[in-house]
file start17.cif (mmCIF, C-alpha atoms)
data_target
#
loop_
_atom_site.label_atom_id
_atom_site.label_comp_id
_atom_site.auth_asym_id
_atom_site.auth_seq_id
_atom_site.Cartn_x
_atom_site.Cartn_y
_atom_site.Cartn_z
CA MET A 125 69.42 70.51 20.64
CA LYS A 126 67.51 72.68 18.16
CA THR A 127 64.50 74.67 19.32
CA GLU A 128 61.99 77.01 17.73
CA ILE A 129 59.71 79.64 19.24
CA ILE A 130 56.26 80.44 17.86
CA THR A 131 54.24 83.36 19.23
CA ILE A 132 50.53 83.32 18.45
CA GLY A 133 48.19 86.28 18.19
CA ASP A 134 46.74 88.71 15.67
CA GLU A 135 47.64 91.53 18.07
CA ILE A 136 51.33 90.83 17.42
CA LEU A 137 50.95 90.82 13.64
CA ILE A 138 49.08 94.14 13.52
CA GLY A 139 51.57 95.81 15.84
CA GLN A 140 49.12 96.28 18.71
CA ILE A 141 51.60 94.71 21.13
CA VAL A 142 55.33 94.08 20.92
CA ASP A 143 56.47 90.46 21.15
CA THR A 144 58.85 90.42 24.11
CA ASN A 145 58.12 86.78 24.97
CA SER A 146 60.22 85.23 22.20
CA ALA A 147 63.27 87.35 23.07
CA TRP A 148 63.10 86.32 26.72
CA ILE A 149 62.49 82.64 25.92
CA ALA A 150 65.40 82.62 23.45
CA GLU A 151 67.68 84.06 26.09
CA GLN A 152 66.69 81.37 28.59
CA LEU A 153 67.06 78.56 26.07
CA ASN A 154 70.51 79.72 25.00
CA ALA A 155 71.62 80.03 28.61
CA ALA A 156 70.52 76.42 29.15
CA GLY A 157 72.52 75.27 26.13
CA PHE A 158 69.73 74.91 23.57
CA THR A 159 70.11 76.42 20.10
CA VAL A 160 67.22 78.57 18.86
CA VAL A 161 67.02 78.16 15.07
CA ARG A 162 63.97 80.32 14.38
CA LYS A 163 61.39 82.64 15.95
CA LEU A 164 58.04 83.08 14.22
CA SER A 165 54.80 84.97 14.88
CA VAL A 166 51.49 83.74 13.45
CA GLY A 167 47.86 84.78 13.67
CA ASP A 168 44.99 83.19 15.55
CA THR A 169 43.98 80.74 12.82
CA ARG A 170 44.03 76.98 12.79
CA ASP A 171 45.91 76.71 9.50
CA ALA A 172 48.57 79.24 10.47
CA ILE A 173 49.27 77.45 13.75
CA LEU A 174 49.36 73.98 12.20
CA ASP A 175 51.55 75.05 9.26
CA ALA A 176 54.04 76.78 11.56
CA LEU A 177 54.13 73.84 13.94
CA ASP A 178 54.68 71.27 11.17
CA GLU A 179 57.52 73.33 9.70
CA ALA A 180 59.13 73.71 13.11
CA LEU A 181 58.91 70.01 13.95
CA ALA A 182 60.57 69.13 10.65
CA THR A 183 63.81 70.81 11.72
CA SER A 184 63.72 71.20 15.52
CA ASP A 185 63.68 68.93 18.53
CA ALA A 186 61.45 71.14 20.65
CA VAL A 187 58.96 73.91 19.89
CA ILE A 188 57.78 76.52 22.40
CA LEU A 189 54.46 78.25 21.66
CA THR A 190 53.00 81.21 23.53
CA GLY A 191 49.58 82.80 23.24
CA GLY A 192 46.06 81.87 22.28
CA LEU A 193 45.12 80.14 25.54
CA GLY A 194 42.53 82.62 26.82
CA PRO A 195 38.86 81.87 27.54
CA THR A 196 37.38 83.61 24.47
CA LYS A 197 36.52 82.15 21.07
CA ASP A 198 39.44 83.77 19.28
CA ASP A 199 41.89 81.77 21.44
CA ILE A 200 42.14 78.50 19.52
CA THR A 201 45.63 77.24 20.31
CA LYS A 202 44.43 74.53 22.69
CA THR A 203 41.84 73.05 20.34
CA THR A 204 44.27 73.21 17.43
CA LEU A 205 46.90 71.30 19.41
CA ALA A 206 44.27 68.77 20.45
CA GLU A 207 43.56 68.20 16.78
CA ARG A 208 47.26 67.94 15.93
CA PHE A 209 48.18 65.47 18.70
CA GLY A 210 44.89 63.58 18.96
CA GLY A 211 43.07 62.53 22.12
CA ARG A 212 40.00 64.04 23.71
CA MET A 213 39.40 67.11 25.85
CA VAL A 214 39.19 66.37 29.58
CA ARG A 215 38.91 68.52 32.68
CA ASP A 216 42.05 69.00 34.72
CA GLU A 217 40.73 69.05 38.27
CA ALA A 218 43.68 70.93 39.79
CA THR A 219 43.25 73.74 37.27
CA TYR A 220 39.46 73.77 37.67
CA LEU A 221 39.57 74.13 41.46
CA ARG A 222 42.40 76.67 41.46
CA ASN A 223 40.65 78.86 38.90
CA GLU A 224 37.44 78.69 40.92
CA ARG A 225 39.32 80.00 43.98
CA ILE A 226 41.13 82.71 42.00
CA LEU A 227 38.00 84.08 40.35
CA SER A 228 35.94 83.88 43.52
CA ALA A 229 38.59 85.93 45.36
CA ARG A 230 38.39 88.54 42.60
CA GLY A 231 34.62 88.64 42.68
CA ILE A 232 34.36 87.28 39.12
CA ASP A 233 31.60 84.87 38.09
CA TYR A 234 32.96 81.39 37.35
CA ASN A 235 31.11 81.03 34.05
CA ASP A 236 31.38 78.42 31.31
CA LEU A 237 34.13 80.35 29.48
CA ASN A 238 36.30 80.38 32.60
CA LYS A 239 35.52 76.76 33.36
CA GLY A 240 36.59 75.89 29.82
CA GLN A 241 40.16 76.88 30.61
CA ALA A 242 40.47 73.74 32.73
CA MET A 243 39.74 71.58 29.67
CA VAL A 244 42.93 70.15 28.16
CA PRO A 245 43.81 67.39 25.66
CA ASP A 246 44.40 64.10 27.43
CA THR A 247 47.53 63.68 25.29
CA ALA A 248 49.18 66.60 27.12
CA VAL A 249 51.00 66.82 30.42
CA VAL A 250 49.43 69.76 32.25
CA LEU A 251 51.85 72.41 33.50
CA GLN A 252 50.14 74.13 36.44
CA ASN A 253 49.97 77.92 36.08
CA LEU A 254 50.19 79.34 39.60
CA HIS A 255 49.78 82.94 38.43
CA GLY A 256 46.90 82.70 35.96
CA THR A 257 43.97 80.63 34.76
CA ALA A 258 45.43 79.13 31.56
CA PRO A 259 47.58 76.04 32.21
CA GLY A 260 50.61 75.21 30.14
CA MET A 261 50.73 71.98 28.13
CA TRP A 262 53.57 69.60 27.27
CA PHE A 263 53.19 67.26 24.28
CA GLU A 264 55.57 64.55 23.05
CA ALA A 265 55.39 62.77 19.71
CA GLU A 266 57.96 61.02 17.53
CA GLY A 267 60.81 62.04 19.80
CA LYS A 268 59.87 65.74 19.59
CA VAL A 269 58.50 68.06 22.28
CA VAL A 270 55.90 70.80 21.88
CA VAL A 271 55.15 73.15 24.77
CA SER A 272 52.22 75.57 24.83
CA LEU A 273 52.39 78.48 27.28
CA PRO A 274 50.11 81.44 28.01
CA GLY A 275 51.00 84.71 26.32
CA VAL A 276 50.86 86.84 29.47
CA PRO A 277 54.58 87.49 30.12
CA PHE A 278 54.72 86.98 33.88
CA GLU A 279 52.69 83.77 33.63
CA MET A 280 54.85 82.47 30.78
CA LYS A 281 58.09 83.28 32.59
CA GLU A 282 57.06 81.45 35.75
CA LEU A 283 56.05 78.34 33.81
CA MET A 284 59.17 78.47 31.65
CA THR A 285 61.45 78.72 34.69
CA ALA A 286 59.68 76.30 37.02
CA GLU A 287 58.40 73.69 34.59
CA VAL A 288 59.67 73.85 31.02
CA LEU A 289 63.42 74.35 31.36
CA PRO A 290 63.87 71.62 34.00
CA ARG A 291 61.84 69.20 31.85
CA LEU A 292 63.80 70.07 28.70
CA LEU A 293 67.09 69.49 30.52
CA ASP A 294 65.86 66.14 31.81
CA ARG A 295 64.58 65.16 28.38
CA PHE A 296 67.50 66.28 26.20
CA GLY A 297 70.40 66.86 28.58
CA ARG A 298 72.55 69.97 28.87
CA HIS A 299 74.59 71.23 25.94
CA ARG A 300 76.87 74.03 27.00
CA ILE A 301 76.84 77.19 24.88
CA ILE A 302 78.87 80.28 25.67
CA HIS A 303 78.14 83.79 24.42
CA ARG A 304 80.16 86.80 25.50
CA THR A 305 79.75 90.29 24.12
CA ALA A 306 82.24 93.15 23.98
CA ILE A 307 81.10 96.74 23.44
CA THR A 308 82.88 99.21 21.16
CA PHE A 309 82.16 102.87 20.48
CA GLY A 310 83.45 105.39 17.98
CA LEU A 311 84.08 103.23 14.92
CA ALA A 312 81.49 102.50 12.24
CA GLU A 313 80.89 98.79 11.65
CA SER A 314 82.84 98.71 8.37
CA VAL A 315 85.76 100.67 9.82
CA LEU A 316 85.80 98.48 12.91
CA ALA A 317 85.79 95.33 10.78
CA ALA A 318 88.74 96.58 8.72
CA THR A 319 90.64 97.63 11.84
CA ILE A 320 90.30 94.30 13.64
CA ALA A 321 90.51 92.07 10.53
CA PRO A 322 93.86 90.48 11.53
CA TRP A 323 92.46 89.66 14.96
CA GLU A 324 89.28 88.20 13.47
CA GLU A 325 91.17 86.07 10.96
CA ALA A 326 93.33 84.62 13.74
CA LEU A 327 90.36 83.49 15.87
CA PRO A 328 90.24 79.74 16.61
CA SER A 329 87.74 77.81 14.50
CA THR A 330 85.79 76.93 17.64
CA LEU A 331 84.79 80.57 18.14
CA HIS A 332 82.22 82.41 16.04
CA LEU A 333 82.19 86.21 15.75
CA ALA A 334 79.05 88.31 15.14
CA TYR A 335 78.79 92.08 14.61
CA LEU A 336 75.76 93.70 16.29
CA PRO A 337 75.62 97.39 15.26
CA SER A 338 73.34 100.09 16.66
CA PRO A 339 73.27 103.88 16.21
CA SER A 340 75.48 104.49 19.23
CA GLN A 341 77.79 101.45 19.41
CA VAL A 342 78.86 98.16 17.84
CA ARG A 343 78.72 94.99 19.91
CA LEU A 344 81.00 92.07 19.10
CA ARG A 345 79.76 88.67 20.22
CA LEU A 346 82.01 85.63 20.46
CA SER A 347 80.17 82.32 20.72
CA ALA A 348 81.22 78.74 21.33
CA TYR A 349 78.78 75.86 20.79
CA ASP A 350 78.81 72.34 22.27
CA VAL A 351 81.50 73.48 24.65
CA SER A 352 83.63 70.73 26.11
CA GLY A 353 86.99 72.37 26.83
CA ASN A 354 88.45 75.72 27.74
CA GLU A 355 86.49 77.83 25.24
CA ALA A 356 85.42 80.29 27.96
CA GLU A 357 89.02 81.04 28.84
CA GLU A 358 89.86 81.36 25.15
CA ILE A 359 87.07 83.90 24.63
CA ASP A 360 88.43 85.95 27.53
CA ARG A 361 91.92 85.79 26.09
CA GLN A 362 90.76 86.87 22.64
CA PHE A 363 88.82 89.82 24.00
CA ARG A 364 91.86 90.96 26.01
CA ARG A 365 93.79 90.99 22.72
CA LEU A 366 91.01 93.02 21.13
CA GLU A 367 91.08 95.53 23.97
CA GLU A 368 94.81 96.00 23.43
CA LEU A 369 94.20 96.49 19.70
CA ILE A 370 91.53 99.22 20.05
CA PRO A 371 91.91 100.66 23.58
CA ASP A 372 90.21 103.99 22.83
CA TYR A 373 87.18 102.28 21.29
CA PHE A 374 86.74 99.38 23.71
CA ILE A 375 83.99 100.15 26.25
CA GLY A 376 83.53 96.92 28.20
CA TYR A 377 81.42 93.78 28.24
CA GLY A 378 77.78 92.73 28.35
CA ASP A 379 75.55 95.67 29.19
CA ALA A 380 78.36 98.23 29.35
CA THR A 381 77.75 101.61 27.72
CA VAL A 382 79.85 104.73 27.24
CA PHE A 383 77.93 106.17 30.17
CA SER A 384 78.73 103.31 32.53
CA ALA A 385 82.36 103.29 31.35
CA ALA A 386 82.71 107.03 32.01
CA ALA A 387 80.94 106.67 35.35
CA ARG A 388 83.30 103.88 36.39
CA LEU A 389 86.34 106.05 35.61
CA LEU A 390 84.89 109.08 37.41
CA THR A 391 84.23 106.97 40.49
CA ALA A 392 87.66 105.34 40.39
CA ARG A 393 89.38 108.73 40.19
CA GLY A 394 87.12 110.42 42.71
CA ALA A 395 86.33 113.08 40.09
CA THR A 396 83.13 115.09 39.71
CA LEU A 397 81.06 116.06 36.67
CA ALA A 398 78.63 118.80 35.65
CA LEU A 399 76.54 119.00 32.48
CA ALA A 400 75.18 121.78 30.27
CA GLU A 401 72.74 120.59 27.63
CA SER A 402 70.99 122.35 24.80
CA CYS A 403 70.15 120.04 21.88
CA THR A 404 70.20 116.90 24.02
CA GLY A 405 67.57 118.39 26.32
CA GLY A 406 68.52 116.39 29.41
CA ALA A 407 69.21 113.07 27.68
CA LEU A 408 72.84 113.16 28.80
CA SER A 409 71.85 113.84 32.41
CA ALA A 410 69.17 111.15 32.31
CA SER A 411 71.65 108.57 31.04
CA PHE A 412 73.99 109.18 33.96
CA THR A 413 71.30 109.45 36.65
CA ALA A 414 69.67 106.22 35.41
CA MET A 415 72.68 104.36 36.84
CA PRO A 416 73.04 103.66 40.57
CA GLY A 417 75.75 105.70 42.27
CA ALA A 418 75.42 108.80 40.08
CA SER A 419 75.37 111.00 43.19
CA ASP A 420 79.01 110.02 43.81
CA TYR A 421 80.20 112.06 40.84
CA LEU A 422 77.39 114.05 39.18
CA LEU A 423 77.02 117.44 40.86
CA GLY A 424 74.44 119.10 38.66
CA SER A 425 73.03 119.81 35.23
CA VAL A 426 71.63 122.79 33.35
CA VAL A 427 69.33 122.35 30.36
CA SER A 428 70.08 125.67 28.69
CA TYR A 429 67.75 125.38 25.72
CA SER A 430 67.31 129.11 25.20
CA ASN A 431 70.00 131.70 24.54
CA GLU A 432 68.76 133.63 27.58
CA VAL A 433 69.59 130.71 29.89
CA LYS A 434 72.92 130.22 28.18
CA ALA A 435 73.78 133.86 28.77
CA HIS A 436 72.26 134.51 32.21
CA VAL A 437 72.91 131.16 33.95
CA LEU A 438 76.03 129.84 32.22
CA ARG A 439 77.50 133.29 31.47
CA VAL A 440 77.92 132.64 27.75
CA SER A 441 78.87 135.86 25.96
CA GLU A 442 75.85 137.49 24.33
CA HIS A 443 78.21 138.93 21.75
CA ASP A 444 79.41 135.44 20.82
CA LEU A 445 75.85 134.14 20.71
CA LYS A 446 74.97 136.82 18.16
CA ARG A 447 78.20 136.58 16.17
CA PHE A 448 78.70 132.79 16.01
CA GLY A 449 75.24 131.48 16.88
CA ALA A 450 74.24 129.08 19.62
CA VAL A 451 75.55 126.11 17.61
CA SER A 452 79.23 127.03 17.57
CA GLU A 453 82.56 126.20 19.12
CA PRO A 454 82.84 129.34 21.29
CA VAL A 455 79.36 128.86 22.75
CA ALA A 456 79.88 125.15 23.46
CA CYS A 457 83.16 125.88 25.23
CA GLN A 458 81.64 128.66 27.32
CA MET A 459 78.70 126.44 28.26
CA ALA A 460 81.10 123.78 29.55
CA GLU A 461 83.24 126.31 31.40
CA GLY A 462 80.14 127.99 32.82
CA VAL A 463 78.56 124.86 34.26
CA ARG A 464 81.94 123.66 35.59
CA ARG A 465 82.35 126.96 37.40
CA LEU A 466 78.72 126.99 38.55
CA CYS A 467 78.93 123.48 40.05
CA ASP A 468 82.62 123.60 41.02
CA SER A 469 83.22 120.24 39.29
CA ASP A 470 86.40 118.63 37.97
CA TYR A 471 84.89 117.93 34.54
CA ALA A 472 82.02 119.37 32.54
CA LEU A 473 80.33 118.46 29.27
CA ALA A 474 78.25 120.71 27.05
CA THR A 475 76.12 119.99 23.98
CA THR A 476 74.61 122.45 21.52
CA GLY A 477 73.29 121.58 18.09
CA ILE A 478 70.46 121.24 15.59
CA ALA A 479 68.57 118.05 16.36
CA GLY A 480 66.08 118.59 13.52
CA PRO A 481 64.11 117.90 11.53
CA THR A 482 64.03 121.67 10.89
CA GLY A 483 66.37 124.54 11.69
CA GLY A 484 69.34 123.57 9.55
CA SER A 485 71.18 125.65 6.96
CA ALA A 486 73.85 125.10 4.33
CA GLU A 487 76.51 126.08 6.84
CA LYS A 488 74.94 124.22 9.75
CA PRO A 489 72.85 121.31 8.44
CA VAL A 490 70.46 119.31 10.59
CA GLY A 491 72.49 116.97 12.76
CA THR A 492 75.27 119.49 13.43
CA VAL A 493 76.35 119.29 17.07
CA TRP A 494 79.18 120.93 18.98
CA ILE A 495 80.31 119.05 22.10
CA ALA A 496 82.70 120.64 24.58
CA LEU A 497 84.64 119.09 27.44
CA ALA A 498 86.04 121.27 30.22
CA THR A 499 88.78 119.72 32.39
CA PRO A 500 91.22 121.02 34.99
CA ALA A 501 93.66 121.55 32.10
CA GLY A 502 91.31 123.61 29.92
CA VAL A 503 88.39 123.30 27.50
CA ALA A 504 88.06 122.00 23.95
CA ALA A 505 85.18 121.30 21.58
CA ARG A 506 84.53 119.13 18.52
CA ARG A 507 81.98 119.45 15.75
CA PHE A 508 79.91 116.44 14.62
CA VAL A 509 77.30 116.02 11.90
CA PHE A 510 75.11 113.04 12.72
CA GLY A 511 72.04 112.80 10.48
CA GLN A 512 68.46 113.82 9.78
CA LEU A 513 66.54 111.96 12.51
CA ARG A 514 65.89 113.96 15.67
CA ALA A 515 65.76 111.11 18.19
CA GLN A 516 68.84 109.49 16.72
CA ASN A 517 70.75 112.79 16.75
CA ILE A 518 69.95 113.30 20.42
CA GLU A 519 70.99 109.73 21.27
CA ARG A 520 74.25 110.01 19.33
CA ALA A 521 75.12 113.41 20.73
CA ALA A 522 74.64 112.25 24.33
CA ALA A 523 76.65 109.07 23.77
CA THR A 524 79.43 110.91 21.93
CA ALA A 525 79.71 113.45 24.73
CA ALA A 526 80.04 110.67 27.29
CA ASN A 527 82.66 109.02 25.14
CA MET A 528 84.73 112.22 24.94
CA LEU A 529 84.73 112.26 28.72
CA ARG A 530 85.60 108.56 28.90
CA VAL A 531 88.61 108.93 26.60
CA ALA A 532 89.85 111.97 28.53
CA LEU A 533 89.56 110.12 31.83
CA GLN A 534 91.22 107.04 30.40
CA HIS A 535 94.29 109.05 29.41
CA ALA A 536 94.35 111.39 32.39
CA GLY A 537 96.81 110.85 35.20
CA VAL A 538 95.82 111.30 38.81
CA GLY A 539 97.87 114.49 38.85
CA ASP A 540 95.66 115.95 36.11
CA LEU A 541 92.74 116.31 38.52
#
call {"tool": "encode", "arguments": {"input": "start17.cif", "output": "structure tokens"}}
result
Amino acid sequence: MKTEIITIGDEILIGQIVDTNSAWIAEQLNAAGFTVVRKLSVGDTRDAILDALDEALATSDAVILTGGLGPTKDDITKTTLAERFGGRMVRDEATYLRNERILSARGIDYNDLNKGQAMVPDTAVVLQNLHGTAPGMWFEAEGKVVVSLPGVPFEMKELMTAEVLPRLLDRFGRHRIIHRTAITFGLAESVLAATIAPWEEALPSTLHLAYLPSPSQVRLRLSAYDVSGNEAEEIDRQFRRLEELIPDYFIGYGDATVFSAAARLLTARGATLALAESCTGGALSASFTAMPGASDYLLGSVVSYSNEVKAHVLRVSEHDLKRFGAVSEPVACQMAEGVRRLCDSDYALATTGIAGPTGGSAEKPVGTVWIALATPAGVAARRFVFGQLRAQNIERAAATAANMLRVALQHAGVGDL
């Protein structure tokens, strides 16, 4: 079954708020087996709403709208839908009485604007909103379904879960769709595509591959639509083949990151970690401590942003700081060794670089980062040049450091600890 999502509100179009509703609704619809063919945002005007709705109904079986159901004059979704589907406005008694109780408990006057929220087209099935004053509405015409939901996320989610999805499943039946996503790190999208081309070309015709790149990783999604057989098992089998093809670049599935992959290996090996950060300014530490269980392996972190802290806390040679500069291989290695010694950890990571947008030179352009990894077997560092954008450089440096640790742990034997 094809569905479309329309979010309504000038505040979305001018960037005053971010539309998170359509992403969440799309996720729920896909999980229930419904295909989302388009998401669209329109302003609070009659013509925009009607044009979008007519276009959606021409190609989709069901349309979900959110927004424009408030008590003020700029919220016109309800009256526009009444015009589109005919009928007259009537008072829904359940909504009227519930809203009276809600507003009375809040000490808010139950004025005509609030009372107006209980008025609904008599061509709609009212979906009771237990967490707000604007009810949802369900319309049916010519075999199609249109659902109007409030734009407040927690109200919309409750109505979608309790009312809309069960009704859609009853109305159209369940069509099984499977999506599974594998996470890779360390290969640019084009390089990854060339590397796994033989695997991709050999995929069964029932599976569809999508590349989802981001600055720090590339996700690979395999999808199967109108599932009736063993497509789920086939997706698992294909991803196992992929993992064997690119073992050093395969992170995991779903929400996996280089940080969670490294954390899993640290925990499995009973190993500990310490961190010394300069250019990443704590981003590496924050990424690890954001995950539950970090206290099992992370012993400590030093944000050594100044040369004085590098020298006095991490015992980096002042001579090397002057001779090579803070952004250099010797300094990165000494930072990693220093924090490993300070925390008495098995492993240590260090980052030092030029995040930008200023501070670069011909020899060390903006985006230059040295990352060092200290292990029981010794210390080594690598130089990277990421780009011109500060936030992106910090993100990439932190993720690359975690990946260096992950690869080392993946290839380390228990006797290496």
call {"tool": "atom_distance", "arguments": {"input": "start17.cif", "atom1": "CA of Phe278 (chain A)", "atom2": "CA of Val250 (chain A)"}}
result
18.1 Å
call {"tool": "atom_distance", "arguments": {"input": "start17.cif", "atom1": "CA of Thr330 (chain A)", "atom2": "CA of Ile302 (chain A)"}}
result
11.1 Å
call {"tool": "axis_aligned_box", "arguments": {"input": "start17.cif", "around": "region 235-246 of chain A", "padding_each_side": "8 Å", "output": "lines of an AutoDock Vina configuration file"}}
result
center_x = 37.8
center_y = 72.6
center_z = 29.9
size_x = 29.3
size_y = 32.9
size_z = 24.4
call {"tool": "atom_distance", "arguments": {"input": "start17.cif", "atom1": "CA of Phe296 (chain A)", "atom2": "CA of Met125 (chain A)"}}
result
7.2 Å
call {"tool": "closest_residue", "arguments": {"input": "start17.cif", "among": "A:Ala479, A:Ala407, A:Val276, A:Leu205", "to": "Trp494 (chain A)", "atoms": "all atoms listed in the file"}}
result
A:Ala479
call {"tool": "closest_residue", "arguments": {"input": "start17.cif", "among": "A:Gly191, A:Gly424, A:Pro500, A:Gly491", "to": "Leu397 (chain A)", "atoms": "all atoms listed in the file"}}
result
A:Gly424
call {"tool": "closest_residue", "arguments": {"input": "start17.cif", "among": "A:Thr285, A:Ser340, A:Thr131, A:Gln458", "to": "Arg439 (chain A)", "atoms": "only C-alpha atoms"}}
result
A:Gln458
call {"tool": "closest_residue", "arguments": {"input": "start17.cif", "among": "A:Thr305, A:Thr190, A:Thr482, A:Thr381", "to": "Arg530 (chain A)", "atoms": "all atoms listed in the file"}}
result
A:Thr381
call {"tool": "closest_residue", "arguments": {"input": "start17.cif", "among": "A:Tyr429, A:Tyr220, A:Phe363, A:Tyr349", "to": "Ala156 (chain A)", "atoms": "only C-alpha atoms"}}
result
A:Tyr349
call {"tool": "residues_near_point", "arguments": {"input": "start17.cif", "point": "(55.1, 65.8, 16.8)", "cutoff": "9 Å", "atoms": "all atoms listed in the file", "output": "number ranges by chain"}}
result
A: 177-178, 181-182, 208-209, 263-270
call {"tool": "resolve_selection", "arguments": {"input": "start17.cif", "expression": "the PyMOL selection byres ((chain A and resi 408) around 10)", "output": "PDB file with C-alpha atoms, in the frame of the given file"}}
result
ATOM      1  CA  PHE A 383      77.930 106.170  30.170  1.00  0.00           C
ATOM      2  CA  LEU A 399      76.540 119.000  32.480  1.00  0.00           C
ATOM      3  CA  ALA A 400      75.180 121.780  30.270  1.00  0.00           C
ATOM      4  CA  GLU A 401      72.740 120.590  27.630  1.00  0.00           C
ATOM      5  CA  THR A 404      70.200 116.900  24.020  1.00  0.00           C
ATOM      6  CA  GLY A 405      67.570 118.390  26.320  1.00  0.00           C
ATOM      7  CA  GLY A 406      68.520 116.390  29.410  1.00  0.00           C
ATOM      8  CA  ALA A 407      69.210 113.070  27.680  1.00  0.00           C
ATOM      9  CA  SER A 409      71.850 113.840  32.410  1.00  0.00           C
ATOM     10  CA  ALA A 410      69.170 111.150  32.310  1.00  0.00           C
ATOM     11  CA  SER A 411      71.650 108.570  31.040  1.00  0.00           C
ATOM     12  CA  PHE A 412      73.990 109.180  33.960  1.00  0.00           C
ATOM     13  CA  THR A 413      71.300 109.450  36.650  1.00  0.00           C
ATOM     14  CA  SER A 425      73.030 119.810  35.230  1.00  0.00           C
ATOM     15  CA  VAL A 427      69.330 122.350  30.360  1.00  0.00           C
ATOM     16  CA  LEU A 473      80.330 118.460  29.270  1.00  0.00           C
ATOM     17  CA  ALA A 474      78.250 120.710  27.050  1.00  0.00           C
ATOM     18  CA  THR A 475      76.120 119.990  23.980  1.00  0.00           C
ATOM     19  CA  ILE A 518      69.950 113.300  20.420  1.00  0.00           C
ATOM     20  CA  GLU A 519      70.990 109.730  21.270  1.00  0.00           C
ATOM     21  CA  ALA A 521      75.120 113.410  20.730  1.00  0.00           C
ATOM     22  CA  ALA A 522      74.640 112.250  24.330  1.00  0.00           C
ATOM     23  CA  ALA A 523      76.650 109.070  23.770  1.00  0.00           C
ATOM     24  CA  THR A 524      79.430 110.910  21.930  1.00  0.00           C
ATOM     25  CA  ALA A 525      79.710 113.450  24.730  1.00  0.00           C
ATOM     26  CA  ALA A 526      80.040 110.670  27.290  1.00  0.00           C
TER      27      ALA A 526
END
call {"tool": "closest_residue", "arguments": {"input": "start17.cif", "among": "A:Tyr335, A:Tyr471, A:Phe448, A:Trp262", "to": "Arg295 (chain A)", "atoms": "all atoms listed in the file"}}
result
A:Trp262
call {"tool": "residues_around", "arguments": {"input": "start17.cif", "residues": "Arg212 (chain A)", "least_positions_apart": "2", "cutoff": "7 Å", "atoms": "all atoms listed in the file", "output": "number ranges by chain"}}
result
A: 210, 214, 245-246
call {"tool": "residues_around", "arguments": {"input": "start17.cif", "residues": "region 142-149 of chain A", "least_positions_apart": "3", "cutoff": "12 Å", "atoms": "only C-alpha atoms", "output": "NGL selection string"}}
result
:A and (127-139 or 152-156 or 158-160 or 162-166 or 187-191 or 273-285 or 288-289)
call {"tool": "write_last_selection", "arguments": {"input": "start17.cif", "atoms": "C-alpha atoms", "output": "CSV table (one decimal), keeping the file's coordinate frame"}}
result
chain,number,residue,atom,x,y,z
A,127,THR,CA,64.5,74.7,19.3
A,128,GLU,CA,62.0,77.0,17.7
A,129,ILE,CA,59.7,79.6,19.2
A,130,ILE,CA,56.3,80.4,17.9
A,131,THR,CA,54.2,83.4,19.2
A,132,ILE,CA,50.5,83.3,18.4
A,133,GLY,CA,48.2,86.3,18.2
A,134,ASP,CA,46.7,88.7,15.7
A,135,GLU,CA,47.6,91.5,18.1
A,136,ILE,CA,51.3,90.8,17.4
A,137,LEU,CA,51.0,90.8,13.6
A,138,ILE,CA,49.1,94.1,13.5
A,139,GLY,CA,51.6,95.8,15.8
A,152,GLN,CA,66.7,81.4,28.6
A,153,LEU,CA,67.1,78.6,26.1
A,154,ASN,CA,70.5,79.7,25.0
A,155,ALA,CA,71.6,80.0,28.6
A,156,ALA,CA,70.5,76.4,29.2
A,158,PHE,CA,69.7,74.9,23.6
A,159,THR,CA,70.1,76.4,20.1
A,160,VAL,CA,67.2,78.6,18.9
A,162,ARG,CA,64.0,80.3,14.4
A,163,LYS,CA,61.4,82.6,16.0
A,164,LEU,CA,58.0,83.1,14.2
A,165,SER,CA,54.8,85.0,14.9
A,166,VAL,CA,51.5,83.7,13.4
A,187,VAL,CA,59.0,73.9,19.9
A,188,ILE,CA,57.8,76.5,22.4
A,189,LEU,CA,54.5,78.2,21.7
A,190,THR,CA,53.0,81.2,23.5
A,191,GLY,CA,49.6,82.8,23.2
A,273,LEU,CA,52.4,78.5,27.3
A,274,PRO,CA,50.1,81.4,28.0
A,275,GLY,CA,51.0,84.7,26.3
A,276,VAL,CA,50.9,86.8,29.5
A,277,PRO,CA,54.6,87.5,30.1
A,278,PHE,CA,54.7,87.0,33.9
A,279,GLU,CA,52.7,83.8,33.6
A,280,MET,CA,54.8,82.5,30.8
A,281,LYS,CA,58.1,83.3,32.6
A,282,GLU,CA,57.1,81.4,35.8
A,283,LEU,CA,56.0,78.3,33.8
A,284,MET,CA,59.2,78.5,31.6
A,285,THR,CA,61.4,78.7,34.7
A,288,VAL,CA,59.7,73.8,31.0
A,289,LEU,CA,63.4,74.4,31.4
call {"tool": "resolve_selection", "arguments": {"input": "start17.cif", "expression": "the PyMOL selection byres ((chain A and resi 459) around 7)", "output": "number ranges by chain"}}
result
A: 400, 434, 438, 440, 455-458, 460-463, 474
